[in-house]
Amino acid sequence: MSIDTGSFRWTSASRSHPGRVRQVNEDACLDQSEHGLWAVADGMGGHSLGDFASGLAVQSLMDLPAAEDLEQRVSVAVDWLQEVNRQLRAEALRRDVPLIGTTIAALLAAGSLCSCLWAGDSRIYLYRAGRLRQLTRDHSQLEAVRSRHISRSDETLARPRANLITRALGAEDTLHIDRTIVELLDGDIFLLCTDGLSNEVSELSIKKALLPGNCSLACDALIDMALGREARDNITAVVVRAEDLRSPDRTILRVL
């Protein structure tokens with residue numbers, strides 16, 4: 001699907017797969033190029049509660065109003081995700097279970113800017129001019145250990161499990177959502193994915209999949225690569241491409 005938003009034309013595609021082990025897909029995704037809005041969520045809680053949580057998070061953003069001001073869009077999105085957090089806490093209490101939760105990673109566009117919002121270890125990458133950069137920082141115990149810059153030997157001794165996350169919707173009464181803003185350039189490609197993909201596919205392989213610039217083919221390639229490994233977790237990818245219609249570097253075909 002593609003849509004023009006101001007001077008930028010957006011193209012995107014999404015794929016989700018339960019993986020090779022799990023019967024239930026607790027991932028959810030949102031792919032709305034027409035609204036400049038994309039998201040992935042990875043639910044947790046077991047017994048179908050994970051897919052309930054991820055679905056609720058994604059559904060809360062579906063009706064996000066369009067706005068020329070990016071900060072206004074972000075503010076509304078954060079408020080709505082805070083409400084999801086309250087609902088998940090209340091539902092866990094009602095069902096007498098320890099946790100009903102989900103990660104969230106969302107990309108919102110307005111004009112020549114976009115913003116990443118996230119809580120948990122679902123990721124957003126930016127592929128620009130041949131370089132891949134992770135825009136989000138995992139809220140996980142493993143990332144916390146890495147950020148301390150401890151020695152390799154110490155990290156081996158105290159290395160936590162990669163799937164122990166420190167932040168998610170539904171995890172605490174107060175939700176903290178990180179955010180960052182990106183000024184768009186022609187040809188920018190974003191990848192939103194759950195850890196079922198990022199744990200299985202290397203950054204080099206991600207770059208190769210994104211290089212041709214075809215969102216649909218990139219999604220297929222990324223999911224296939226993850227399935228070619230153990231794929232013990234659910235796998236979700238959303239690939240988004242921005243084209244600046246007013247860029248002087250764009251090639252114009254003139255028919256004489």
# chains A, B, ... in the order shown; residues from 1 in each chain; ligands from 1
$ residues_around --residues "Ala218 in chain A" --least-positions-apart "6" --cutoff "9 Å" --atoms "only C-alpha atoms" --output "list in words"
Ala13, Ile206, Lys208, Ala209, Leu210, Leu211, Pro212 and Val239 of chain A
$ select_by_dssp --residues "range 165-220 of chain A" --states "helix (DSSP H, G or I)" --output "ChimeraX atom specification"
/A:195-198,203-210,215-220
$ write_last_selection --atoms "C-alpha atoms" --output "PDB file, in the first residue's frame"
ATOM      1  CA  ASP A 195      12.066 -10.042  19.197  1.00  0.00           C
ATOM      2  CA  GLY A 196      11.041 -13.236  17.421  1.00  0.00           C
ATOM      3  CA  LEU A 197      12.648 -11.655  14.364  1.00  0.00           C
ATOM      4  CA  SER A 198      15.516  -9.654  15.887  1.00  0.00           C
ATOM      5  CA  GLU A 203      21.640  -7.019  11.259  1.00  0.00           C
ATOM      6  CA  LEU A 204      23.635  -7.875   8.135  1.00  0.00           C
ATOM      7  CA  SER A 205      20.782 -10.077   6.919  1.00  0.00           C
ATOM      8  CA  ILE A 206      18.279  -7.335   7.744  1.00  0.00           C
ATOM      9  CA  LYS A 207      20.295  -4.874   5.635  1.00  0.00           C
ATOM     10  CA  LYS A 208      20.331  -7.271   2.688  1.00  0.00           C
ATOM     11  CA  ALA A 209      16.555  -7.717   2.900  1.00  0.00           C
ATOM     12  CA  LEU A 210      15.905  -3.958   3.032  1.00  0.00           C
ATOM     13  CA  CYS A 215       8.543  -3.443   1.409  1.00  0.00           C
ATOM     14  CA  SER A 216       6.540  -6.555   0.569  1.00  0.00           C
ATOM     15  CA  LEU A 217       9.535  -8.579  -0.625  1.00  0.00           C
ATOM     16  CA  ALA A 218      11.543  -7.446   2.410  1.00  0.00           C
ATOM     17  CA  CYS A 219       8.836  -8.669   4.796  1.00  0.00           C
ATOM     18  CA  ASP A 220       8.697 -12.043   3.069  1.00  0.00           C
TER      19      ASP A 220
END
$ residues_around --residues "range 131-136 of chain A" --least-positions-apart "3" --cutoff "9 Å" --atoms "only C-alpha atoms" --output "VMD selection string"
chain A and resid 105 116 to 118 121 to 128 178 to 180 203 to 204 206 to 207
$ closest_residue --among "A:Gly43, A:Gly170, A:Gly111, A:Pro98" --to "Trp10 in chain A" --atoms "only C-alpha atoms"
A:Gly111
$ closest_residue --among "A:Val78, A:Leu227, A:Ala57, A:Ala221" --to "His176 in chain A" --atoms "only C-alpha atoms"
A:Val78
$ select_by_dssp --residues "range 104-148 of chain A" --states "strand (DSSP E)" --output "JSON, numbers by chain"
{"A": [104, 105, 106, 107, 108, 109, 110, 113, 114, 115, 116, 117, 118, 119, 123, 124, 125, 126, 127, 128, 131, 132, 133, 134]}
$ closest_atom_pairs --of "range 139-230 of chain A" --to "range 34-42 of chain A" --cutoff "12 Å" --atoms "only C-alpha atoms" --output "tab-separated table"
residue	atom	partner	partner_atom	distance
A:Asn163	CA	A:Asp42	CA	11.5
A:Ile165	CA	A:Asp42	CA	11.4
A:Ala168	CA	A:Asp42	CA	9.5
A:Leu169	CA	A:Ala41	CA	9.8
A:Phe190	CA	A:Trp38	CA	10.0
A:Leu191	CA	A:Trp38	CA	9.9
A:Leu192	CA	A:Val40	CA	6.4
A:Cys193	CA	A:Val40	CA	6.3
A:Thr194	CA	A:Asp42	CA	6.2
A:Asp195	CA	A:Asp42	CA	8.1
A:Gly196	CA	A:Asp42	CA	9.0
A:Leu197	CA	A:Asp42	CA	11.3
$ write_last_selection --atoms "C-alpha atoms" --output "mmCIF file, in the first residue's frame"
data_model
loop_
_atom_site.group_PDB
_atom_site.id
_atom_site.type_symbol
_atom_site.label_atom_id
_atom_site.label_comp_id
_atom_site.auth_asym_id
_atom_site.auth_seq_id
_atom_site.Cartn_x
_atom_site.Cartn_y
_atom_site.Cartn_z
ATOM 1 C CA ASN A 163 13.737 -12.362 27.080
ATOM 2 C CA ILE A 165 12.103 -7.352 29.780
ATOM 3 C CA ALA A 168 5.832 -3.227 29.047
ATOM 4 C CA LEU A 169 2.210 -2.185 28.913
ATOM 5 C CA PHE A 190 12.012 1.581 8.651
ATOM 6 C CA LEU A 191 11.653 -1.903 10.089
ATOM 7 C CA LEU A 192 9.405 -2.504 13.083
ATOM 8 C CA CYS A 193 9.751 -6.015 14.495
ATOM 9 C CA THR A 194 9.202 -8.186 17.544
ATOM 10 C CA ASP A 195 12.066 -10.042 19.197
ATOM 11 C CA GLY A 196 11.041 -13.236 17.421
ATOM 12 C CA LEU A 197 12.648 -11.655 14.364
#
$ residues_around --residues "Ser112 in chain A" --least-positions-apart "5" --cutoff "10 Å" --atoms "only C-alpha atoms" --output "PDB file with C-alpha atoms, in the first residue's frame"
ATOM      1  CA  THR A   5       1.477  12.526   3.066  1.00  0.00           C
ATOM      2  CA  GLY A   6       2.541  16.073   2.307  1.00  0.00           C
ATOM      3  CA  SER A   7       5.692  15.810   0.177  1.00  0.00           C
ATOM      4  CA  PHE A   8       6.303  12.223   1.295  1.00  0.00           C
ATOM      5  CA  GLU A  68      -0.022  18.082  10.934  1.00  0.00           C
ATOM      6  CA  LEU A  70       3.721  15.489  15.177  1.00  0.00           C
ATOM      7  CA  VAL A 182      13.604  11.441  13.131  1.00  0.00           C
ATOM      8  CA  GLU A 183      13.801  14.019  10.345  1.00  0.00           C
ATOM      9  CA  LEU A 184      12.933  12.129   7.183  1.00  0.00           C
ATOM     10  CA  LEU A 185      15.110  11.817   4.105  1.00  0.00           C
ATOM     11  CA  ASP A 186      14.149  10.484   0.698  1.00  0.00           C
ATOM     12  CA  ALA A 242       9.418   7.068   2.704  1.00  0.00           C
ATOM     13  CA  ASP A 244      10.270  12.592  -0.800  1.00  0.00           C
TER      14      ASP A 244
END
